[in-house]
Structure formats: C-alpha cells, structure tokens
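Data block for model-v2.cif (mmCIF, C-alpha atoms and all ligand atoms):
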```cif
data_start
loop_
_atom_site.label_atom_id
_atom_site.label_comp_id
_atom_site.auth_asym_id
_atom_site.auth_seq_id
_atom_site.Cartn_x
_atom_site.Cartn_y
_atom_site.Cartn_z
CA MET A 1 184.53 14.90 -78.99
CA GLY A 2 184.82 16.89 -75.78
CA ASN A 3 188.02 18.09 -74.22
CA ILE A 4 189.99 14.90 -73.64
CA TYR A 5 192.47 16.58 -71.30
CA THR A 6 190.01 18.11 -68.88
CA SER A 7 190.99 18.10 -65.23
CA MET A 8 187.26 17.96 -64.38
CA LYS A 9 186.92 14.32 -65.47
CA ILE A 10 186.54 13.19 -61.85
CA PHE A 11 183.12 14.87 -61.65
CA HIS A 12 181.75 12.37 -64.16
CA TYR A 13 182.16 9.82 -61.36
CA LYS A 14 179.93 11.17 -58.63
CA ASP A 15 179.79 7.83 -56.79
CA LYS A 16 183.59 7.85 -56.49
CA VAL A 17 183.69 11.42 -55.22
CA ASP A 18 180.91 10.68 -52.73
CA SER A 19 182.82 7.69 -51.41
CA LEU A 20 185.97 9.62 -50.52
CA PRO A 21 185.29 11.32 -47.16
CA LYS A 22 183.55 8.42 -45.44
CA ASP A 23 185.04 6.51 -42.52
CA ASP A 24 183.09 3.32 -43.04
CA GLU A 25 185.59 1.63 -45.35
CA SER A 26 183.26 1.79 -48.32
CA ILE A 27 185.80 3.70 -50.37
CA LEU A 28 185.62 2.67 -54.02
CA ALA A 29 188.48 1.38 -56.15
CA PRO A 30 190.72 3.86 -57.96
CA LEU A 31 189.22 4.98 -61.25
CA HIS A 32 192.54 4.98 -63.00
CA ILE A 33 195.89 3.34 -62.33
CA ARG A 34 199.21 4.11 -63.96
CA ILE A 35 201.59 1.16 -64.16
CA LYS A 36 205.29 1.48 -64.94
CA PRO A 37 206.11 -2.17 -65.68
CA ILE A 38 209.80 -1.83 -66.55
CA ASN A 39 212.59 0.69 -66.18
CA GLY A 40 214.59 -0.66 -69.12
CA CYS A 41 214.22 1.06 -72.46
CA ASN A 42 215.23 0.57 -76.08
CA HIS A 43 215.97 4.31 -76.47
CA ARG A 44 218.43 6.62 -74.69
CA CYS A 45 216.81 10.04 -74.79
CA ARG A 46 219.41 12.57 -73.71
CA TYR A 47 216.83 14.52 -71.66
CA CYS A 48 215.00 11.55 -70.11
CA ALA A 49 214.01 12.68 -66.62
CA TYR A 50 214.16 9.08 -65.41
CA ARG A 51 217.78 8.68 -66.42
CA GLU A 52 219.09 11.98 -65.14
CA ASP A 53 220.48 11.71 -61.59
CA SER A 54 220.17 15.46 -61.06
CA LEU A 55 216.41 15.37 -61.68
CA GLN A 56 213.93 14.28 -59.03
CA LEU A 57 212.51 11.40 -61.08
CA GLY A 58 215.91 9.92 -61.91
CA LYS A 59 217.35 10.06 -58.41
CA ASP A 60 216.21 6.69 -57.07
CA MET A 61 215.83 4.97 -60.40
CA GLN A 62 217.12 1.42 -60.82
CA VAL A 63 217.22 0.82 -64.56
CA SER A 64 217.23 -2.97 -64.11
CA ASP A 65 213.93 -3.02 -62.16
CA SER A 66 210.83 -4.55 -63.67
CA ILE A 67 207.66 -6.11 -62.28
CA PRO A 68 207.95 -9.93 -62.23
CA LYS A 69 205.41 -11.65 -64.44
CA ALA A 70 203.54 -13.44 -61.60
CA LYS A 71 203.17 -10.16 -59.68
CA MET A 72 202.05 -8.33 -62.79
CA MET A 73 199.36 -10.91 -63.53
CA GLU A 74 198.21 -10.71 -59.89
CA ILE A 75 198.00 -6.91 -60.15
CA THR A 76 196.01 -7.29 -63.37
CA GLU A 77 193.52 -9.65 -61.72
CA ASP A 78 193.20 -7.27 -58.76
CA ILE A 79 192.51 -4.35 -61.09
CA ILE A 80 189.75 -6.30 -62.82
CA ASP A 81 188.24 -7.62 -59.57
CA MET A 82 188.27 -4.20 -57.89
CA GLY A 83 186.46 -2.57 -60.79
CA VAL A 84 189.20 -0.12 -61.77
CA LYS A 85 188.01 1.71 -64.88
CA ALA A 86 191.24 2.32 -66.75
CA VAL A 87 194.96 1.58 -66.78
CA THR A 88 197.73 3.59 -68.41
CA PHE A 89 201.12 1.98 -69.01
CA SER A 90 204.07 4.32 -68.70
CA GLY A 91 207.67 4.46 -67.48
CA GLY A 92 210.24 4.57 -65.93
CA GLY A 93 211.28 2.89 -69.10
CA GLU A 94 209.47 1.73 -72.20
CA PRO A 95 206.22 -0.20 -71.50
CA LEU A 96 206.36 -2.00 -74.86
CA PHE A 97 209.83 -3.27 -73.90
CA TYR A 98 208.17 -5.22 -71.05
CA PRO A 99 208.14 -8.87 -72.19
CA HIS A 100 204.82 -9.74 -70.50
CA LEU A 101 202.74 -6.82 -71.74
CA GLU A 102 201.00 -8.90 -74.39
CA ASP A 103 199.77 -11.37 -71.73
CA VAL A 104 198.47 -8.48 -69.63
CA LEU A 105 196.67 -6.93 -72.59
CA HIS A 106 195.00 -10.23 -73.51
CA ARG A 107 193.62 -10.40 -69.97
CA LEU A 108 192.44 -6.77 -70.06
CA VAL A 109 190.78 -7.23 -73.44
CA ASP A 110 188.52 -9.84 -71.82
CA SER A 111 187.57 -7.42 -69.04
CA SER A 112 185.82 -4.07 -68.79
CA VAL A 113 189.06 -2.23 -67.91
CA LYS A 114 190.12 0.31 -70.54
CA PHE A 115 193.82 0.64 -71.30
CA ALA A 116 196.25 3.10 -72.87
CA THR A 117 199.99 3.60 -73.13
CA LEU A 118 202.77 6.09 -73.48
CA THR A 119 205.52 4.74 -75.72
CA ASN A 120 208.48 5.75 -77.82
CA GLY A 121 206.76 3.87 -80.66
CA GLY A 122 209.79 1.81 -81.71
CA LEU A 123 208.11 -1.46 -80.70
CA LEU A 124 204.59 -0.41 -81.68
CA LYS A 125 204.12 -3.13 -84.24
CA GLY A 126 202.88 -6.70 -84.62
CA LYS A 127 200.47 -8.21 -82.10
CA ILE A 128 200.99 -5.52 -79.44
CA ALA A 129 200.10 -2.77 -81.91
CA GLU A 130 197.04 -4.69 -83.03
CA LEU A 131 195.85 -5.20 -79.44
CA PHE A 132 196.15 -1.50 -78.70
CA ALA A 133 194.65 -0.42 -82.02
CA LEU A 134 191.62 -2.65 -81.77
CA HIS A 135 191.00 -2.57 -78.01
CA GLY A 136 192.95 0.33 -76.48
CA SER A 137 191.66 3.83 -75.67
CA TRP A 138 194.73 5.77 -76.72
CA VAL A 139 198.43 5.46 -77.50
CA ARG A 140 200.75 8.44 -77.17
CA VAL A 141 204.10 8.28 -78.97
CA SER A 142 206.82 10.52 -77.52
CA MET A 143 208.96 12.41 -80.01
CA ASP A 144 211.50 15.19 -80.29
CA GLY A 145 213.46 14.97 -83.55
CA TRP A 146 212.03 16.09 -86.90
CA ASP A 147 214.07 13.84 -89.22
CA ASN A 148 216.28 10.76 -88.96
CA GLU A 149 219.43 12.68 -88.11
CA SER A 150 217.96 14.84 -85.36
CA TYR A 151 215.95 11.94 -83.92
CA THR A 152 219.11 9.83 -83.64
CA ARG A 153 220.91 12.71 -81.93
CA TYR A 154 218.16 13.04 -79.34
CA ARG A 155 217.74 9.32 -78.68
CA GLY A 156 221.00 7.50 -79.36
CA VAL A 157 219.19 5.11 -81.68
CA ALA A 158 220.18 3.71 -85.07
CA ASP A 159 219.76 5.90 -88.11
CA GLY A 160 216.34 5.33 -89.67
CA GLU A 161 214.45 4.85 -86.40
CA TYR A 162 212.46 8.07 -86.94
CA ASP A 163 211.15 6.91 -90.31
CA ALA A 164 210.45 3.47 -88.87
CA ILE A 165 208.35 4.98 -86.07
CA LEU A 166 206.39 7.14 -88.49
CA GLU A 167 205.70 3.97 -90.45
CA ASN A 168 204.56 2.28 -87.23
CA ILE A 169 202.13 5.18 -86.70
CA ALA A 170 200.75 4.85 -90.22
CA ALA A 171 200.41 1.05 -89.88
CA PHE A 172 198.74 1.48 -86.49
CA LYS A 173 196.05 3.71 -87.96
CA LYS A 174 195.49 1.19 -90.74
CA PHE A 175 194.28 -1.38 -88.20
CA GLY A 176 191.25 0.85 -88.16
CA GLY A 177 190.34 0.35 -84.51
CA PRO A 178 188.89 2.97 -82.16
CA CYS A 179 192.19 3.75 -80.40
CA ARG A 180 193.40 7.37 -80.70
CA LEU A 181 197.03 7.76 -81.74
CA GLY A 182 198.69 10.93 -80.50
CA VAL A 183 202.22 12.24 -80.35
CA SER A 184 203.79 13.96 -77.38
CA TYR A 185 206.34 16.44 -78.71
CA ILE A 186 208.95 17.56 -76.19
CA VAL A 187 210.48 20.91 -77.08
CA ASP A 188 213.89 22.35 -76.24
CA LYS A 189 216.32 24.78 -77.91
CA GLU A 190 217.28 22.39 -80.67
CA ASN A 191 213.85 21.51 -82.00
CA ALA A 192 211.87 24.66 -81.14
CA ASN A 193 212.18 25.76 -84.75
CA HIS A 194 210.88 22.44 -86.10
CA VAL A 195 207.55 21.98 -84.31
CA PHE A 196 205.50 22.70 -87.42
CA GLU A 197 207.50 20.27 -89.55
CA ALA A 198 207.22 17.52 -86.93
CA ALA A 199 203.47 18.01 -86.42
CA GLN A 200 202.93 17.94 -90.16
CA ARG A 201 204.74 14.59 -90.45
CA VAL A 202 202.53 13.13 -87.72
CA LYS A 203 199.43 14.38 -89.44
CA ASP A 204 200.62 13.00 -92.80
CA MET A 205 200.99 9.59 -91.18
CA GLY A 206 197.41 9.68 -89.91
CA GLY A 207 198.10 10.69 -86.27
CA ASP A 208 195.11 12.08 -84.39
CA SER A 209 196.76 14.63 -82.12
CA VAL A 210 199.93 16.34 -81.01
CA LYS A 211 200.62 17.40 -77.47
CA ILE A 212 203.42 19.97 -77.28
CA SER A 213 205.26 20.30 -74.00
CA PRO A 214 208.43 21.94 -72.76
CA CYS A 215 211.35 19.72 -71.86
CA ILE A 216 212.00 19.66 -68.12
CA LEU A 217 215.68 20.30 -67.56
CA GLU A 218 215.82 21.36 -63.92
CA ASN A 219 214.02 20.56 -60.69
CA GLU A 220 213.30 24.24 -60.04
CA GLY A 221 210.43 25.78 -61.97
CA ALA A 222 212.12 29.18 -62.19
CA LYS A 223 215.14 27.72 -64.00
CA ASN A 224 212.91 25.85 -66.45
CA ASN A 225 211.00 29.04 -67.08
CA ALA A 226 214.20 30.98 -67.72
CA TYR A 227 215.32 28.36 -70.23
CA HIS A 228 212.01 28.25 -72.08
CA LYS A 229 211.65 32.01 -72.10
CA GLN A 230 214.58 32.10 -74.54
CA ILE A 231 212.78 29.93 -77.08
CA TRP A 232 209.16 30.82 -76.45
CA ASP A 233 208.86 33.26 -79.38
CA VAL A 234 210.31 30.78 -81.82
CA ALA A 235 208.17 27.92 -80.50
CA ARG A 236 205.02 30.02 -80.46
CA GLU A 237 205.57 31.09 -84.04
CA GLN A 238 205.88 27.40 -84.92
CA ILE A 239 202.74 26.53 -83.00
CA ASP A 240 200.93 29.38 -84.73
CA ARG A 241 201.96 27.91 -88.06
CA VAL A 242 200.46 24.62 -86.99
CA LEU A 243 197.31 26.39 -85.90
CA TYR A 244 196.93 28.74 -88.84
CA CYS A 245 198.09 26.57 -91.67
CA GLY A 246 194.50 25.98 -92.69
CA ALA A 247 194.81 22.22 -92.51
CA ILE A 248 194.77 22.55 -88.76
CA THR A 249 192.63 25.12 -87.03
CA ILE A 250 191.59 25.60 -83.45
CA GLY A 251 188.50 25.58 -81.29
CA ASN A 252 188.79 27.16 -77.87
CA TYR A 253 192.25 28.61 -78.23
CA LYS A 254 192.70 30.39 -74.93
CA ARG A 255 195.93 32.26 -75.53
CA GLU A 256 193.94 35.29 -76.55
CA ASN A 257 190.93 34.27 -74.52
CA LYS A 258 188.57 34.23 -77.40
CA LYS A 259 187.11 31.67 -79.68
CA LYS A 260 187.92 32.37 -83.27
CA LYS A 261 185.11 32.06 -85.72
CA GLY A 262 185.08 28.95 -87.86
CA GLN A 263 187.93 27.24 -86.10
CA ILE A 264 187.50 23.63 -85.21
CA PHE A 265 190.69 22.76 -83.40
CA GLU A 266 191.09 22.55 -79.75
CA ILE A 267 194.04 23.95 -77.93
CA GLU A 268 194.19 24.39 -74.25
CA ARG A 269 196.61 26.20 -72.08
CA LEU A 270 196.85 24.68 -68.67
CA LYS A 271 198.65 26.38 -65.85
CA ARG A 272 200.39 23.63 -64.00
CA ASN A 273 203.69 21.97 -63.23
CA THR A 274 206.87 23.89 -63.45
CA SER A 275 206.53 26.09 -66.46
CA ARG A 276 204.31 29.09 -66.04
CA ILE A 277 205.79 31.06 -68.90
CA TRP A 278 205.27 28.26 -71.31
CA CYS A 279 202.14 26.54 -70.20
CA ARG A 280 201.44 23.26 -71.80
CA LEU A 281 199.74 23.41 -75.10
CA TRP A 282 197.63 20.65 -76.44
CA LEU A 283 196.64 20.59 -80.02
CA ARG A 284 194.14 18.22 -81.41
CA LEU A 285 194.77 17.81 -85.08
CA GLN A 286 192.00 17.07 -87.44
CA HIS A 287 192.27 15.96 -90.97
CA ARG A 288 190.97 18.88 -92.93
CA GLN A 289 191.87 20.20 -96.30
CA PRO A 290 193.60 23.59 -96.21
CA GLU A 291 191.29 26.55 -96.57
CA PRO A 292 191.35 27.87 -100.14
CA GLY A 293 194.19 30.35 -100.49
CA ALA A 294 195.70 29.65 -97.07
CA SER A 295 199.20 28.80 -98.22
CA ASP A 296 201.89 28.10 -95.68
CA SER A 297 203.86 31.25 -96.53
CA GLN A 298 200.78 33.45 -96.12
CA ILE A 299 200.12 31.87 -92.79
CA LYS A 300 203.64 32.48 -91.63
CA ILE A 301 203.37 36.16 -92.51
CA LYS A 302 200.03 36.35 -90.75
CA SER A 303 201.34 34.88 -87.54
CA GLN A 304 204.44 37.07 -87.59
CA THR A 305 202.45 40.24 -87.96
CA LYS A 306 199.93 39.51 -85.22
C1 LIG A 401 209.63 8.55 -69.24
S1 LIG A 401 208.63 8.31 -70.64
C2 LIG A 401 208.06 6.65 -70.46
C3 LIG A 401 207.27 6.12 -71.60
C4 LIG A 401 207.99 5.96 -72.91
N1 LIG A 401 209.29 5.44 -72.79
C5 LIG A 401 207.99 7.27 -73.67
O1 LIG A 401 209.07 7.83 -73.89
O2 LIG A 401 206.89 7.70 -74.02
C6 LIG A 401 207.13 9.20 -70.23
C7 LIG A 401 207.05 10.58 -70.83
O3 LIG A 401 207.97 11.42 -70.17
C8 LIG A 401 208.49 12.32 -71.12
N2 LIG A 401 209.75 12.87 -70.61
C9 LIG A 401 210.86 12.20 -70.24
N3 LIG A 401 211.80 13.06 -69.82
C10 LIG A 401 211.26 14.31 -69.92
C11 LIG A 401 211.76 15.62 -69.63
N4 LIG A 401 212.98 15.83 -69.15
N5 LIG A 401 210.93 16.66 -69.86
C12 LIG A 401 209.68 16.49 -70.34
N6 LIG A 401 209.16 15.27 -70.62
C13 LIG A 401 209.95 14.19 -70.42
C14 LIG A 401 208.65 11.46 -72.37
O4 LIG A 401 208.76 12.24 -73.54
C15 LIG A 401 207.38 10.65 -72.33
O5 LIG A 401 206.34 11.36 -72.98
S1 LIG A 402 211.94 6.43 -74.59
FE1 LIG A 402 210.93 7.15 -72.72
S2 LIG A 402 211.87 6.00 -71.02
FE2 LIG A 402 213.12 5.65 -72.86
S3 LIG A 402 214.78 7.10 -72.63
FE3 LIG A 402 213.18 8.09 -73.89
S4 LIG A 402 211.82 9.19 -72.45
FE4 LIG A 402 213.11 7.81 -71.26
#
```
Would it be possible to restate this file's structure as structure tokens?
Amino acid sequence: MGNIYTSMKIFHYKDKVDSLPKDDESILAPLHIRIKPINGCNHRCRYCAYREDSLQLGKDMQVSDSIPKAKMMEITEDIIDMGVKAVTFSGGGEPLFYPHLEDVLHRLVDSSVKFATLTNGGLLKGKIAELFALHGSWVRVSMDGWDNESYTRYRGVADGEYDAILENIAAFKKFGGPCRLGVSYIVDKENANHVFEAAQRVKDMGGDSVKISPCILENEGAKNNAYHKQIWDVAREQIDRVLYCGAITIGNYKRENKKKKGQIFEIERLKRNTSRIWCRLWLRLQHRQPEPGASDSQIKIKSQTK
C-alpha cells in the first residue's frame, strides 16, 4: 500500500485540477467532503478543542447543534448526485452519536461514494460497526489513555470504557471487511511515557495503524511548541520503542533522512500546523513477528544509546 497520508493525492485527479481555474462554470464537484453531523458527544475529553472556549475551534461551538435528519438526507442525495468521491464524518462531537448516521450509511452503501469516520469508538458496535467494516474505507478511533484508569481521567467516562473500546476494535476487525481501523493517539505530558504501551494494545487488538499527534493546548504555535519541547525526548524514546521493537519496523522513516535496510514500516514526518518541534508522526503498524533476539529491553537500550 502506498503512503495513505500523502498531501499529493489531489494529483491523482487531473480532471479536477484542470477544472479549477476556468471561468465557464464547469468546475467539478468536491472530491471529498467532511461532515460534522452533531456537536453532542458521549465522552468529555478534557483537552477537546471543540469544548474549550479559549481555543479557536471551541469559541463559537453550540454543543446542542446537529444537522436535522431531512437536511442530512438531502445533503447525502446531493453528494451522490454531484459525484463526490468520498465523505468523512467527524466532529464537533461524536459522529456515531448522531441518531441518523445509520440511514445515511445505508444510502451511501448503495452509491459509489466512499465513506470513513473519526470516532471515539465507544459506539462502534452493532449495525453501525458492521456497515463501516464491510463498506467503509477507514475508521480512526481517537485515544489518549493507556489503561482504564487513565482513560477515564482523560475522558470523564465510566470505568471500563477503555477495555470496552479495545473490544470494539477487536470485534470490528473480526467482521473481516476491507475497512482499515486506525487509532489516533493524542499525546500530552501525562501519557507521553505510555505511547509504546498504548500502541501495543492497539496492535494486539488487530488495529491496522496508529497516528501519533501532539495535543493542541493553545492557539499560538509557539506556545504549543514550548509545551511539547518538554516531553519530546520522552515521547520520541517511546516512539522509537514502537519502531524498533521488532514487531513493528519502519519504511521511509524520515527523521534521519534515510531508509533503513529491511524495515517495512512507514513513518512520515510532516511539517504542518502548529507544532514544528514535534511534527506529526504517522506510524503504520503491520502484524509481524518480532525479529529473532529483538527483545523489548534490548530495543530500549538501542534507542537510548542512539
Ligand atoms: C473533535 S474529534 C471528533 C470526532 C470524535 N469525537 C473523536 O474524538 O474522534 C476529532 C479529532 O480531534 C482530536 N482532538 C480534539 N481536541 C484536540 C486537541 N486539543 N489537540 C489535538 N487533537 C484534538 C480528537 O482526538 C479527534 O481525533
Ligand atoms: S470524543 Fe471527540 S468530540 Fe467527544 S470530547 Fe473527545 S475529542 Fe471531543
């Protein structure tokens, strides 16, 4: 599989690019649309940018807003008629908390429009999970804690929710459909030392990938950078453990600007958004047996002495 996070994807759609500068109203439909169907959520993440008045995203947020069903079905028909290629559901709030999502998905399944979602994973079960697993392109579950206790602290949810979500991930993969199941791991001071542990749990449950990103705590990039600078060494050591543990290796790991022989994992460092010190790191996990002799403790020593 190629790099699924490439910013060059647009160039696969030459007809769309060619249509952009014209004045003759022949502009083509958007390739991709992101829909935030509801602002309500079943979790209360303490860092949620949409719930924090001091952050740009949270400023004008009305938690009670959601798209009425009739409007949502109209939007869905428009998307299909216009020839939009793909839809991602996001928030705002929690897309799977939207009561009409199943109706929307049934309609999309009968069309050529691809679909994907970000989710906290708590409601990723039953019919909705099956629809995504069998017909979706990808599902990305957001996480932060590394066990029940820490997860509950981060999210204000009942004890046991972390285990329940890991079970949802495992059950999702058992549907056996083509949909990729990834986890988006948001890192701050509290969990920087637990990235390896968390990624390992995801892998054990059958997850396909982990995207590791810094938590955004301020509107100004410089302040975010200053915060993340304090935990970068710890987080990087954790990421190195993920990368060097033998079960998970890397392909074009650009931190040192060289491809390491025999490595099959992909990690990409993209310079964008607010954090230049800690650029976003994407890891694509693959299910490989550890290399002979590559024990976790050896790996740790190796990464510390680099
Ligand atoms: C707002 S959520 C909406 C979808 C869904 N409720 C979820 O949590 O995946 C979209 C994404 O934003 C991320 N997010 C929210 N607040 C953030 C913050 N302060 N810094 C970094 N990522 C954040 C979440 O982890 C999630 O991956
Ligand atoms: S689950 Fe998503 S929308 Fe809900 S509080 Fe957490 S980050 Fe925000």
(request) Choose the residue, out of A:Ser142, A:Thr152, A:Ser209, A:Thr88, that has the smallest atom-to-atom separation from ligand LIG 401 (chain A); count all atoms listed in the file. (result)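 Closest to ligand LIG 401 (chain A) of all the choices is A:Ser142.
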(request) Could you give me, as a ChimeraX atom specification, every polymer residue with an atom at most 7 Å away from an atom of ligand LIG 402 (chain A), counting only C-alpha atoms and all ligand atoms? (result) /A:41-45,48-51,91-94,119-120,155
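As for CA of Ala29 (chain A) and CA of Ile79 (chain A), they are spaced 8.6 Å apart.
Taking CA of Asp208 (chain A) and atom C8 of ligand LIG 401 (chain A) as endpoints, the distance between them is 18.8 Å.
Taking CA of Ser184 (chain A) and CA of Phe89 (chain A) as the two end points, the separation is 14.9 Å.
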(message) Which polymer residues, whether protein, DNA or RNA, lie within 9 Å of the coordinate (198.9, 11.1, -88.3) when you count all atoms listed in the file? List them as number ranges by chain, using the chain letters and numbers from the file.
(response) A: 166, 169-170, 173, 181-183, 199-209, 285, 287
Could those residues be written to a file, using C-alpha atoms, as a PDB file, keeping the file's coordinate frame?
```pdb
ATOM      1  CA  LEU A 166     206.390   7.140 -88.490  1.00  0.00           C
ATOM      2  CA  ILE A 169     202.130   5.180 -86.700  1.00  0.00           C
ATOM      3  CA  ALA A 170     200.750   4.850 -90.220  1.00  0.00           C
ATOM      4  CA  LYS A 173     196.050   3.710 -87.960  1.00  0.00           C
ATOM      5  CA  LEU A 181     197.030   7.760 -81.740  1.00  0.00           C
ATOM      6  CA  GLY A 182     198.690  10.930 -80.500  1.00  0.00           C
ATOM      7  CA  VAL A 183     202.220  12.240 -80.350  1.00  0.00           C
ATOM      8  CA  ALA A 199     203.470  18.010 -86.420  1.00  0.00           C
ATOM      9  CA  GLN A 200     202.930  17.940 -90.160  1.00  0.00           C
ATOM     10  CA  ARG A 201     204.740  14.590 -90.450  1.00  0.00           C
ATOM     11  CA  VAL A 202     202.530  13.130 -87.720  1.00  0.00           C
ATOM     12  CA  LYS A 203     199.430  14.380 -89.440  1.00  0.00           C
ATOM     13  CA  ASP A 204     200.620  13.000 -92.800  1.00  0.00           C
ATOM     14  CA  MET A 205     200.990   9.590 -91.180  1.00  0.00           C
ATOM     15  CA  GLY A 206     197.410   9.680 -89.910  1.00  0.00           C
ATOM     16  CA  GLY A 207     198.100  10.690 -86.270  1.00  0.00           C
ATOM     17  CA  ASP A 208     195.110  12.080 -84.390  1.00  0.00           C
ATOM     18  CA  SER A 209     196.760  14.630 -82.120  1.00  0.00           C
ATOM     19  CA  LEU A 285     194.770  17.810 -85.080  1.00  0.00           C
ATOM     20  CA  HIS A 287     192.270  15.960 -90.970  1.00  0.00           C
TER      21      HIS A 287
END
```
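Using all atoms listed in the file, the contacts of Ile75 (chain A) at a cut-off of 12 Å, with sequence neighbours closer than 2 positions omitted, comprise Ile33, Arg34, Ile35, Pro37, Ile67, Pro68, Lys69, Ala70, Lys71, Met72, Met73, Glu77, Asp78, Ile79, Ile80, Asp81, Met82, Val84, Val87, Val104, Arg107 and Leu108 of chain A.
Among the candidate residues A:Glu52, A:Glu74, A:Glu161, A:Glu130, the one lying nearest to ligand LIG 401 (chain A) is A:Glu52, with distances computed using only C-alpha atoms and all ligand atoms.
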6 Å per side around region 82-101 of chain A: axis-aligned box centre and edge lengths, as lines of an AutoDock Vina configuration file:
```
center_x = 198.9
center_y = -2.6
center_z = -66.4
size_x = 36.8
size_y = 26.3
size_z = 29.0
```
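With only C-alpha atoms and all ligand atoms as the basis for measurement, A:Leu123 is the residue among A:Cys179, A:Leu131, A:Ala158, A:Leu123 that approaches ligand LIG 401 (chain A) most closely.
Candidate residues A:Pro95, A:Gly156, A:Gly83, A:Pro30 were compared for distance to ligand LIG 401 (chain A), and the nearest is A:Pro95, using only C-alpha atoms and all ligand atoms.
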(message) Counting only C-alpha atoms and all ligand atoms, which residue out of A:Asp188, A:Glu220, A:Glu149, A:Asp18 sits closest to ligand LIG 401 (chain A)?
(response) A:Asp188
